[in-house]
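Engineer: Sharing target_28.txt here; it has compact mmCIF, C-alpha atoms.
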# COMPACT_ATOMS: atom_id res chain seq x y z
CA MET Y 733 0.00 0.00 0.00
CA THR Y 734 1.21 3.49 -0.79
CA GLY Y 735 2.76 5.17 2.26
CA HIS Y 736 1.02 8.04 4.01
CA VAL Y 737 2.48 11.52 3.86
CA ALA Y 738 3.16 13.31 7.14
CA PRO Y 739 0.83 16.23 7.97
CA LYS Y 740 1.80 19.73 6.89
CA GLY Y 741 1.62 21.74 10.10
CA ASP Y 742 -1.58 20.79 11.90
CA TRP Y 743 -3.44 19.90 8.70
CA PRO Y 744 -3.23 16.28 7.50
CA ARG Y 745 -2.98 15.50 3.81
CA VAL Y 746 -6.38 14.61 2.36
CA SER Y 747 -6.86 12.14 -0.50
CA ALA Y 748 -10.06 12.65 -2.50
CA VAL Y 749 -11.08 9.56 -4.50
CA VAL Y 750 -13.27 10.08 -7.57
CA ALA Y 751 -14.47 6.99 -9.43
CA THR Y 752 -15.60 7.83 -12.96
CA ARG Y 753 -16.89 6.26 -16.13
CA ASN Y 754 -17.63 8.04 -19.41
CA ARG Y 755 -18.75 11.39 -17.95
CA PRO Y 756 -15.98 13.85 -18.87
CA ALA Y 757 -17.97 17.08 -18.56
CA LEU Y 758 -19.39 16.18 -15.15
CA LEU Y 759 -16.02 14.85 -13.99
CA LEU Y 760 -14.33 18.13 -14.87
CA GLU Y 761 -16.69 20.04 -12.57
CA ALA Y 762 -16.10 17.54 -9.75
CA VAL Y 763 -12.31 17.85 -10.06
CA ILE Y 764 -12.46 21.65 -10.19
CA GLY Y 765 -14.46 21.61 -6.96
CA ILE Y 766 -11.91 19.37 -5.24
CA LEU Y 767 -8.81 21.26 -6.34
CA GLY Y 768 -10.47 24.58 -5.48
CA GLN Y 769 -10.92 23.76 -1.80
CA SER Y 770 -9.99 26.46 0.71
CA TYR Y 771 -8.34 23.81 2.89
CA PRO Y 772 -4.86 25.03 3.95
CA GLY Y 773 -3.29 21.57 3.98
CA GLU Y 774 -2.25 19.36 1.08
CA LEU Y 775 -4.97 17.72 -0.96
CA GLU Y 776 -4.59 15.11 -3.67
CA CYS Y 777 -7.32 14.18 -6.11
CA LEU Y 778 -7.20 10.60 -7.39
CA VAL Y 779 -9.42 10.11 -10.45
CA VAL Y 780 -10.03 6.40 -11.07
CA PHE Y 781 -11.37 5.47 -14.49
CA ASP Y 782 -13.59 2.39 -14.40
CA GLN Y 783 -14.16 0.46 -17.62
CA SER Y 784 -13.16 3.51 -19.64
CA GLU Y 785 -9.96 5.02 -21.05
CA PRO Y 786 -8.13 7.27 -18.57
CA VAL Y 787 -7.96 10.92 -19.65
CA THR Y 788 -6.41 13.63 -17.50
CA PRO Y 789 -8.91 16.46 -16.88
CA ASP Y 790 -7.73 19.80 -18.28
CA VAL Y 791 -7.59 21.86 -15.09
CA ASP Y 792 -5.26 24.29 -13.37
CA ILE Y 793 -3.60 22.75 -10.32
CA PRO Y 794 -3.04 25.22 -7.46
CA ALA Y 795 -0.26 25.02 -4.89
CA ASN Y 796 -0.59 22.16 -2.37
CA ARG Y 797 -2.92 20.35 -4.76
CA TYR Y 798 -2.11 17.18 -6.69
CA LEU Y 799 -3.97 15.37 -9.44
CA ARG Y 800 -3.42 11.70 -10.22
CA VAL Y 801 -5.21 9.72 -12.91
CA LEU Y 802 -5.54 5.96 -12.39
CA GLU Y 803 -7.16 2.99 -14.05
CA ASN Y 804 -9.30 0.63 -12.00
CA VAL Y 805 -7.13 -2.44 -11.48
CA ARG Y 806 -9.56 -4.27 -9.22
CA GLY Y 807 -13.04 -5.63 -9.87
CA PRO Y 808 -15.01 -3.63 -12.44
CA GLY Y 809 -17.51 -1.24 -10.93
CA LEU Y 810 -17.74 1.53 -8.39
CA ALA Y 811 -16.46 -0.51 -5.43
CA GLY Y 812 -13.33 -1.68 -7.24
CA ALA Y 813 -12.64 1.84 -8.52
CA ARG Y 814 -12.99 3.35 -5.05
CA ASN Y 815 -10.64 0.70 -3.65
CA THR Y 816 -8.07 1.37 -6.38
CA GLY Y 817 -8.01 5.00 -5.27
CA ILE Y 818 -7.93 4.18 -1.57
CA ILE Y 819 -4.95 1.85 -1.98
CA GLU Y 820 -3.03 4.49 -3.92
CA ALA Y 821 -3.97 7.31 -1.55
CA THR Y 822 -1.11 8.95 0.34
CA GLY Y 823 -3.22 10.99 2.75
CA MET Y 824 -4.00 10.20 6.35
CA VAL Y 825 -7.59 11.23 5.60
CA VAL Y 826 -9.69 9.89 2.69
CA ALA Y 827 -12.73 11.50 1.12
CA PHE Y 828 -15.12 10.41 -1.62
CA CYS Y 829 -16.68 12.51 -4.35
CA ASP Y 830 -18.93 11.07 -7.05
CA ASP Y 831 -18.03 12.22 -10.54
CA ASP Y 832 -21.36 14.03 -10.96
CA ASP Y 833 -21.23 15.98 -7.68
CA ARG Y 834 -19.37 19.13 -6.64
CA TRP Y 835 -17.85 20.14 -3.33
CA ARG Y 836 -18.30 23.69 -2.12
CA PRO Y 837 -15.00 25.49 -1.41
CA GLU Y 838 -15.07 25.27 2.38
CA LYS Y 839 -16.15 21.60 2.60
CA ILE Y 840 -12.89 19.92 3.58
CA SER Y 841 -11.77 22.71 5.92
CA ARG Y 842 -15.01 22.54 7.88
CA GLN Y 843 -15.10 18.76 8.01
CA LEU Y 844 -11.45 18.44 9.04
CA GLU Y 845 -12.09 20.86 11.90
CA LEU Y 846 -14.87 18.56 13.11
CA LEU Y 847 -12.79 15.44 12.56
CA THR Y 848 -9.80 16.76 14.50
CA ARG Y 849 -11.73 18.10 17.49
CA SER Y 850 -13.89 14.98 17.90
CA ALA Y 851 -12.99 11.45 18.89
CA VAL Y 852 -14.64 9.88 15.83
CA ASP Y 853 -13.12 8.54 12.61
CA PHE Y 854 -15.88 9.39 10.12
CA VAL Y 855 -17.69 12.66 9.35
CA ALA Y 856 -20.21 13.80 6.75
CA CYS Y 857 -22.20 16.98 6.03
CA GLY Y 858 -25.37 18.26 4.43
CA ILE Y 859 -26.15 18.14 0.71
CA GLN Y 860 -28.22 20.04 -1.82
CA ILE Y 861 -29.85 17.75 -4.37
CA HIS Y 862 -30.40 19.14 -7.85
CA TYR Y 863 -33.02 17.33 -9.94
CA SER Y 864 -34.51 18.89 -13.05
CA ASP Y 865 -35.38 22.44 -11.95
CA HIS Y 866 -35.55 21.53 -8.24
CA ALA Y 867 -32.94 22.09 -5.53
CA ILE Y 868 -33.57 20.49 -2.14
CA ASP Y 869 -31.38 20.59 0.96
CA ARG Y 870 -30.96 17.37 2.94
CA MET Y 871 -29.31 17.42 6.36
CA PRO Y 872 -28.30 14.22 8.17
CA PRO Y 873 -28.43 13.95 11.97
CA GLU Y 874 -25.52 15.41 13.89
CA ARG Y 875 -24.73 11.92 15.18
CA THR Y 876 -25.72 8.58 13.65
CA CYS Y 877 -25.07 5.23 15.31
CA PHE Y 878 -25.21 1.68 14.00
CA GLU Y 879 -28.70 1.00 15.36
CA GLN Y 880 -30.08 4.06 13.55
CA LEU Y 881 -28.56 2.91 10.27
CA VAL Y 882 -30.12 -0.52 10.67
CA ARG Y 883 -33.55 1.10 10.98
CA ASP Y 884 -33.01 3.77 8.33
CA ARG Y 885 -30.46 4.21 5.54
CA VAL Y 886 -30.30 7.94 6.41
CA THR Y 887 -29.93 8.86 2.74
CA ALA Y 888 -28.76 12.36 3.61
CA LEU Y 889 -25.46 10.64 4.51
CA HIS Y 890 -24.31 10.80 0.91
CA PRO Y 891 -21.00 9.25 -0.22
CA SER Y 892 -19.78 12.55 -1.67
CA THR Y 893 -19.79 13.89 1.89
CA PHE Y 894 -17.75 11.02 3.38
CA VAL Y 895 -14.48 12.01 5.07
CA PHE Y 896 -12.72 9.43 7.24
CA LYS Y 897 -9.38 8.53 8.73
CA ARG Y 898 -7.45 6.08 6.58
CA SER Y 899 -6.71 4.05 9.70
CA LEU Y 900 -10.42 3.20 10.02
CA LEU Y 901 -10.21 1.02 6.93
CA ASP Y 902 -7.42 -0.99 8.55
CA GLU Y 903 -10.11 -2.08 11.03
CA ILE Y 904 -13.22 -2.43 8.88
CA GLY Y 905 -11.74 -3.27 5.47
CA LEU Y 906 -12.10 -1.74 2.05
CA VAL Y 907 -15.28 -1.12 0.06
CA ASP Y 908 -17.13 -4.41 -0.47
CA GLU Y 909 -16.52 -5.51 -4.06
CA GLU Y 910 -18.82 -8.53 -3.67
CA LEU Y 911 -21.95 -6.37 -3.62
CA PRO Y 912 -23.83 -6.99 -6.89
CA GLY Y 913 -23.24 -4.06 -9.19
CA SER Y 914 -21.66 -2.13 -6.27
CA HIS Y 915 -25.19 -1.04 -5.40
CA GLY Y 916 -25.37 0.15 -1.79
CA GLU Y 917 -21.61 0.02 -1.24
CA ASP Y 918 -21.88 3.36 0.57
CA TYR Y 919 -24.53 2.01 2.95
CA ASP Y 920 -22.42 -1.05 3.63
CA LEU Y 921 -19.40 1.12 4.42
CA LEU Y 922 -21.50 3.29 6.74
CA LEU Y 923 -22.77 0.26 8.63
CA ARG Y 924 -19.26 -1.06 9.17
CA ALA Y 925 -17.93 2.35 10.18
CA ALA Y 926 -20.81 2.96 12.59
CA GLY Y 927 -20.13 -0.45 14.09
CA LYS Y 928 -16.85 1.02 15.35
CA GLY Y 929 -18.19 4.40 16.43
CA PRO Y 930 -20.79 7.05 15.56
CA VAL Y 931 -20.78 8.97 12.29
CA LEU Y 932 -20.87 12.73 12.85
CA ALA Y 933 -22.30 15.19 10.35
CA LEU Y 934 -21.49 18.88 10.09
CA GLN Y 935 -24.79 20.73 10.02
CA GLN Y 936 -23.97 22.65 6.85
CA THR Y 937 -24.78 22.10 3.19
CA LEU Y 938 -21.37 21.66 1.56
CA VAL Y 939 -21.97 19.35 -1.42
CA ASP Y 940 -24.10 19.80 -4.53
CA VAL Y 941 -25.49 16.45 -5.69
CA LEU Y 942 -26.73 16.15 -9.26
CA TRP Y 943 -29.43 13.60 -10.02
CA HIS Y 944 -29.91 12.97 -13.71
CA ASP Y 945 -30.66 10.34 -16.34
CA GLN Y 946 -26.98 9.41 -16.66
CA SER Y 947 -26.98 7.71 -13.27
CA PHE Y 948 -25.56 4.21 -13.67
CA PHE Y 949 -28.00 2.92 -11.04
CA ALA Y 950 -31.13 4.44 -12.57
CA GLU Y 951 -33.64 1.63 -13.20
CA ARG Y 952 -31.10 -1.17 -12.71
CA TRP Y 953 -33.78 -3.11 -10.91
CA GLN Y 954 -32.24 -6.57 -11.23
CA VAL Y 955 -28.96 -5.41 -9.71
CA ILE Y 956 -30.82 -3.52 -6.98
CA SER Y 957 -32.84 -6.57 -6.02
CA GLU Y 958 -29.74 -8.79 -5.88
CA ALA Y 959 -27.74 -6.24 -3.87
CA LEU Y 960 -30.50 -5.78 -1.28
CA ARG Y 961 -30.76 -9.55 -0.80
CA TYR Y 962 -26.99 -9.63 -0.35
CA MET Y 963 -27.19 -6.99 2.37
CA LEU Y 964 -29.87 -8.93 4.24
CA ALA Y 965 -27.71 -12.04 4.11
CA LYS Y 966 -24.57 -10.16 5.21
CA TYR Y 967 -25.98 -8.34 8.26
CA PRO Y 968 -27.79 -10.32 10.98
CA ALA Y 969 -28.79 -6.97 12.53
CA LEU Y 970 -30.82 -6.12 9.42
CA ARG Y 971 -32.61 -9.46 9.56
CA SER Y 972 -33.35 -9.25 13.28
CA ASP Y 973 -34.71 -5.70 13.32
CA ALA Y 974 -38.32 -5.80 12.12
CA ALA Y 975 -38.42 -2.25 10.77
CA GLY Y 976 -35.00 -2.46 9.13
CA ARG Y 977 -35.78 -5.79 7.50
CA ALA Y 978 -39.18 -4.53 6.32
CA ARG Y 979 -37.57 -1.49 4.71
CA ILE Y 980 -35.22 -3.61 2.65
CA GLU Y 981 -37.85 -6.24 1.82
CA ALA Y 982 -40.11 -3.46 0.55
CA GLN Y 983 -37.30 -2.10 -1.62
CA ILE Y 984 -36.79 -5.59 -3.05
CA ALA Y 985 -40.54 -5.79 -3.66
CA PHE Y 986 -40.48 -2.51 -5.56
CA ALA Y 987 -37.56 -3.65 -7.73
CA GLU Y 988 -39.33 -6.92 -8.47
CA ALA Y 989 -42.53 -5.04 -9.33
CA ALA Y 990 -40.57 -2.79 -11.71
CA LEU Y 991 -39.25 -5.96 -13.37
CA ALA Y 992 -42.88 -7.15 -13.77
CA ARG Y 993 -42.20 -10.15 -11.55
CA ARG Y 994 -45.51 -9.90 -9.75
CA SER Y 995 -45.32 -13.01 -7.57
CA GLU Y 996 -41.96 -11.96 -6.09
CA ALA Y 997 -43.21 -8.40 -5.65
CA TYR Y 998 -46.29 -9.60 -3.78
CA ARG Y 999 -44.25 -12.03 -1.67
CA PHE Y 1000 -41.75 -9.42 -0.49
CA SER Y 1001 -44.44 -6.76 -0.03
CA TYR Y 1002 -46.41 -8.98 2.31
CA ARG Y 1003 -43.26 -9.96 4.19
CA ALA Y 1004 -42.42 -6.28 4.64
CA LEU Y 1005 -45.90 -5.43 5.87
CA ARG Y 1006 -45.83 -8.24 8.41
CA GLY Y 1007 -42.68 -6.69 9.86
CA ASN Y 1008 -43.88 -3.10 9.62
CA PRO Y 1009 -47.49 -2.40 8.58
CA VAL Y 1010 -46.68 1.26 7.87
CA GLU Y 1011 -43.79 0.57 5.48
CA ARG Y 1012 -44.89 2.82 2.61
CA ARG Y 1013 -42.55 1.26 0.03
CA ALA Y 1014 -44.45 -2.01 0.30
CA TYR Y 1015 -47.70 -0.29 -0.68
CA LEU Y 1016 -45.95 1.41 -3.58
CA ALA Y 1017 -44.60 -1.95 -4.72
CA LEU Y 1018 -48.11 -3.43 -4.61
CA ALA Y 1019 -49.41 -0.51 -6.67
CA VAL Y 1020 -46.73 -1.07 -9.31
CA ALA Y 1021 -47.19 -4.84 -9.34
CA SER Y 1022 -50.95 -4.41 -9.74
CA GLY Y 1023 -50.48 -2.07 -12.71
CA VAL Y 1024 -51.99 0.93 -10.94
CA ILE Y 1025 -48.97 3.16 -11.62
CA PRO Y 1026 -45.63 2.73 -13.45
CA ALA Y 1027 -42.51 2.38 -11.31
CA GLN Y 1028 -40.78 5.24 -13.09
CA SER Y 1029 -43.58 7.66 -12.23
CA ILE Y 1030 -43.08 6.91 -8.54
CA VAL Y 1031 -39.30 7.25 -8.82
CA ARG Y 1032 -39.60 10.62 -10.55
CA ALA Y 1033 -42.06 11.90 -7.94
CA ALA Y 1034 -39.68 10.83 -5.15
CA ASN Y 1035 -36.69 12.39 -6.91
CA ARG Y 1036 -38.47 15.72 -7.17
CA ARG Y 1037 -38.64 15.67 -3.37
CA GLY Y 1038 -34.96 14.83 -3.11
CA ARG Y 1039 -35.63 11.22 -2.19
CA GLY Y 1040 -35.37 7.75 -3.63
CA ILE Y 1041 -37.33 4.54 -3.11
Any chance you could give the structure as structure tokens?
Structural biologist:
Amino acid sequence: MTGHVAPKGDWPRVSAVVATRNRPALLLEAVIGILGQSYPGELECLVVFDQSEPVTPDVDIPANRYLRVLENVRGPGLAGARNTGIIEATGMVVAFCDDDDRWRPEKISRQLELLTRSAVDFVACGIQIHYSDHAIDRMPPERTCFEQLVRDRVTALHPSTFVFKRSLLDEIGLVDEELPGSHGEDYDLLLRAAGKGPVLALQQTLVDVLWHDQSFFAERWQVISEALRYMLAKYPALRSDAAGRARIEAQIAFAEAALARRSEAYRFSYRALRGNPVERRAYLALAVASGVIPAQSIVRAANRRGRGI
């Protein structure tokens, strides 16, 4: 593994990992946002090209900023690309940024202040979701523990806000490359991190998140169904918590309904409702499976509110 660089003054070097695939215009904006941070310490940006030809973004590189372009040498997909960047990172602190998101200039400075004055290893922040002509702020709780994440994904804890000590991964491991299609790899990482200690979130909106039709997870219902089943199998806590299990079973039901597999959609919907009769996703899945409303109409309505299914 690449060696860590000693801190410059009181500010540790930060390694920002950006996994990308065939989105050059969006990637350019993400990289500009990273290199333009007001953070006084050193910051390296590692752009990892997944299943696409590496091309160095045409950007100015300020002092104390470094840009490295890599090719995913691990399993194809988001998880393998993130891990390629993590392994090559030289910073004592690692951060993620999706290639279609943009950090605001003060993001890393504010988060590093929280990280250094607290006893935790993992911090996040608020986001502003941009979808069509809508912009919606989402703020995660100040403190999120493992039990909360079992009950609720806490979607405001977005991967582009993740900042964590590199040493944490020595305890919990890298991003899980076994997850089908890398779907939910951020949730899996959060669960493992929260198993070691709470995740703190700066109560400021410091990341702009762009939702659009280029999302590689949009409508990948088969992969979503498989990944959610994998998560249930991996985490006994998800299976033993009625509300947490119902949430995931309802999401599986919705994916199966979107695939027009009605029997599976009904089966998982009813299982979800037995665990939690007020699990709204189960009712949505039943509506889709019954032909009352198309799955995409529900997804679009949720996205306009800054939410997913």
Engineer: Find the distance between CA of Gln954 (chain Y) and CA of Gly913 (chain Y) and write it in Å to one decimal.
Structural biologist: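 Computed distance, CA of Gln954 (chain Y) to CA of Gly913 (chain Y), equals 9.6 Å.
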Engineer: If you count only C-alpha atoms, which residues fall within 7 Å of region 768-778 of chain Y, apart from same-chain ones fewer than 5 positions away, as a list in words?
Structural biologist: Lys740, Trp743, Pro744, Arg745, Val746, Ser747, Ala748, Val749, Val750, Asn796, Arg797, Tyr798, Leu799, Arg800, Val801, Gly817, Pro837, Glu838, Ile840 and Ser841 of chain Y
Engineer: Find, counting all atoms listed in the file, the residue in Y:Phe828, Y:Phe781, Y:Tyr863, Y:Phe878 that gets nearest to Pro930 (chain Y).
Structural biologist: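 Closest residue, counting all atoms listed in the file: Y:Phe878.
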Engineer: Could you check how far CA of Val886 (chain Y) sits from CA of Arg961 (chain Y), in Å to one decimal?
Structural biologist: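 Interatomic distance here is 18.9 Å.
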Engineer: If we draw a sphere of 8 Å around (-25.6, 1.3, 6.1), which residues have at least one atom in it when counting only C-alpha atoms? Please report them as a PDB file with C-alpha atoms, in the coordinates of the input.
Structural biologist:
ATOM      1  CA  PHE Y 878     -25.210   1.680  14.000  1.00  0.00           C
ATOM      2  CA  LEU Y 881     -28.560   2.910  10.270  1.00  0.00           C
ATOM      3  CA  VAL Y 882     -30.120  -0.520  10.670  1.00  0.00           C
ATOM      4  CA  ARG Y 885     -30.460   4.210   5.540  1.00  0.00           C
ATOM      5  CA  GLY Y 916     -25.370   0.150  -1.790  1.00  0.00           C
ATOM      6  CA  ASP Y 918     -21.880   3.360   0.570  1.00  0.00           C
ATOM      7  CA  TYR Y 919     -24.530   2.010   2.950  1.00  0.00           C
ATOM      8  CA  ASP Y 920     -22.420  -1.050   3.630  1.00  0.00           C
ATOM      9  CA  LEU Y 921     -19.400   1.120   4.420  1.00  0.00           C
ATOM     10  CA  LEU Y 922     -21.500   3.290   6.740  1.00  0.00           C
ATOM     11  CA  LEU Y 923     -22.770   0.260   8.630  1.00  0.00           C
ATOM     12  CA  ARG Y 924     -19.260  -1.060   9.170  1.00  0.00           C
TER      13      ARG Y 924
END
Engineer: Determine the nearest neighbour of Arg977 (chain Y) from the options Y:Leu932, Y:Ile859, Y:Ala965, Y:Ala762, counting all atoms listed in the file.
Structural biologist: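 So, comparing all the options, the nearest one is Y:Ala965.
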Engineer: So, counting only C-alpha atoms, which residue among Y:Thr937, Y:Asn815, Y:Gln880, Y:Asn804 is closest to Cys857 (chain Y)?
Structural biologist: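 Using only C-alpha atoms, Cys857 (chain Y) sits closest to Y:Thr937.
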Engineer: Rank Y:Cys877, Y:Leu802, Y:Cys829, Y:Ala989 by their smallest atom-to-atom distance to Val1024 (chain Y), using all atoms listed in the file, and report the top residue only.
Structural biologist: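 Ranking Y:Cys877, Y:Leu802, Y:Cys829, Y:Ala989 by distance to Val1024 (chain Y), first place goes to Y:Ala989.
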Engineer: Looking at only C-alpha atoms, which of Y:Asp853, Y:Asp742, Y:Asp831, Y:Glu1011 is the one that sits closest to Asn754 (chain Y)?
Structural biologist: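 Looking at the shortest contact to Asn754 (chain Y), the residue is Y:Asp831.
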Engineer: If you measure from CA of Gln1028 (chain Y) to CA of Ile1041 (chain Y), what distance in Å do you get, rounded to one decimal?
Structural biologist: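 Here the two named atoms are 10.6 Å from each other.
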Engineer: Is there a way to get, as a count of residues only, all residues within 12 Å of the point (-16.3, 14.4, -15.3) in file coordinates, counting only C-alpha atoms?
Structural biologist: 32
Engineer: Using the file's own x, y and z axes, what box holds all listed atoms of region 753-760 of chain Y with 8 Å on each side, keeping edges along x, y and z, and what are its centre and edge lengths in Å to one decimal, as AutoDock Vina command-line options?
Structural biologist:
--center_x -16.9 --center_y 12.2 --center_z -16.7 --size_x 21.1 --size_y 27.9 --size_z 21.4
Engineer: Please determine, counting only C-alpha atoms, which residue among Y:Ala982, Y:Val1010, Y:Leu847, Y:Ile819 has the shortest atom-to-atom distance to Leu901 (chain Y).
Structural biologist: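 Closest to Leu901 (chain Y), using only C-alpha atoms: Y:Ile819.
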Engineer: Determine, counting all atoms listed in the file, which protein, DNA and RNA residues have an atom within 8 Å of an atom of Glu988 (chain Y); residues of the same chain fewer than 3 positions away are not included. Present the result as number ranges by chain.
Structural biologist: Y: 953-954, 957, 984-985, 991-994, 996-997
Engineer: Complete the atoms of region 900-925 of chain Y to N, CA and C atoms and put them out as a CSV table (one decimal), in the frame of the given file.
Structural biologist:
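Writing done, so here's rebuild32.csv:
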chain,number,residue,atom,x,y,z
Y,900,LEU,N,-9.2,3.9,9.8
Y,900,LEU,CA,-10.4,3.2,10.0
Y,900,LEU,C,-10.5,2.0,9.1
Y,901,LEU,N,-10.1,2.1,7.9
Y,901,LEU,CA,-10.2,1.0,6.9
Y,901,LEU,C,-9.3,-0.2,7.3
Y,902,ASP,N,-8.2,0.1,8.1
Y,902,ASP,CA,-7.4,-1.0,8.6
Y,902,ASP,C,-8.2,-1.9,9.5
Y,903,GLU,N,-9.3,-1.3,10.1
Y,903,GLU,CA,-10.1,-2.1,11.0
Y,903,GLU,C,-11.3,-2.7,10.3
Y,904,ILE,N,-11.9,-2.0,9.4
Y,904,ILE,CA,-13.2,-2.4,8.9
Y,904,ILE,C,-13.1,-3.0,7.5
Y,905,GLY,N,-11.9,-2.8,6.8
Y,905,GLY,CA,-11.7,-3.3,5.5
Y,905,GLY,C,-12.1,-2.3,4.4
Y,906,LEU,N,-11.8,-2.6,3.2
Y,906,LEU,CA,-12.1,-1.7,2.0
Y,906,LEU,C,-13.6,-1.8,1.7
Y,907,VAL,N,-13.9,-1.1,0.6
Y,907,VAL,CA,-15.3,-1.1,0.1
Y,907,VAL,C,-15.6,-2.5,-0.4
Y,908,ASP,N,-16.8,-3.0,-0.2
Y,908,ASP,CA,-17.1,-4.4,-0.5
Y,908,ASP,C,-17.3,-4.6,-2.0
Y,909,GLU,N,-16.4,-5.3,-2.6
Y,909,GLU,CA,-16.5,-5.5,-4.1
Y,909,GLU,C,-17.4,-6.7,-4.4
Y,910,GLU,N,-17.9,-7.4,-3.4
Y,910,GLU,CA,-18.8,-8.5,-3.7
Y,910,GLU,C,-20.3,-8.1,-3.8
Y,911,LEU,N,-20.6,-6.9,-3.5
Y,911,LEU,CA,-22.0,-6.4,-3.6
Y,911,LEU,C,-22.3,-6.4,-5.1
Y,912,PRO,N,-23.4,-7.0,-5.5
Y,912,PRO,CA,-23.8,-7.0,-6.9
Y,912,PRO,C,-23.9,-5.6,-7.5
Y,913,GLY,N,-23.2,-5.4,-8.5
Y,913,GLY,CA,-23.2,-4.1,-9.2
Y,913,GLY,C,-22.7,-2.9,-8.4
Y,914,SER,N,-22.1,-3.2,-7.2
Y,914,SER,CA,-21.7,-2.1,-6.3
Y,914,SER,C,-22.8,-1.3,-5.7
Y,915,HIS,N,-24.0,-1.8,-5.9
Y,915,HIS,CA,-25.2,-1.0,-5.4
Y,915,HIS,C,-25.2,-1.1,-3.9
Y,916,GLY,N,-25.3,0.1,-3.2
Y,916,GLY,CA,-25.4,0.2,-1.8
Y,916,GLY,C,-24.0,0.0,-1.1
Y,917,GLU,N,-22.9,0.1,-1.9
Y,917,GLU,CA,-21.6,0.0,-1.2
Y,917,GLU,C,-21.4,1.1,-0.2
Y,918,ASP,N,-22.0,2.3,-0.4
Y,918,ASP,CA,-21.9,3.4,0.6
Y,918,ASP,C,-22.6,3.0,1.9
Y,919,TYR,N,-23.8,2.4,1.8
Y,919,TYR,CA,-24.5,2.0,3.0
Y,919,TYR,C,-23.8,0.9,3.7
Y,920,ASP,N,-23.2,0.0,3.0
Y,920,ASP,CA,-22.4,-1.0,3.6
Y,920,ASP,C,-21.2,-0.5,4.4
Y,921,LEU,N,-20.5,0.5,3.8
Y,921,LEU,CA,-19.4,1.1,4.4
Y,921,LEU,C,-19.8,1.9,5.7
Y,922,LEU,N,-21.0,2.6,5.6
Y,922,LEU,CA,-21.5,3.3,6.7
Y,922,LEU,C,-21.8,2.3,7.9
Y,923,LEU,N,-22.4,1.2,7.6
Y,923,LEU,CA,-22.8,0.3,8.6
Y,923,LEU,C,-21.5,-0.2,9.3
Y,924,ARG,N,-20.5,-0.6,8.6
Y,924,ARG,CA,-19.3,-1.1,9.2
Y,924,ARG,C,-18.5,0.0,10.0
Y,925,ALA,N,-18.6,1.2,9.4
Y,925,ALA,CA,-17.9,2.4,10.2
Y,925,ALA,C,-18.7,2.6,11.5
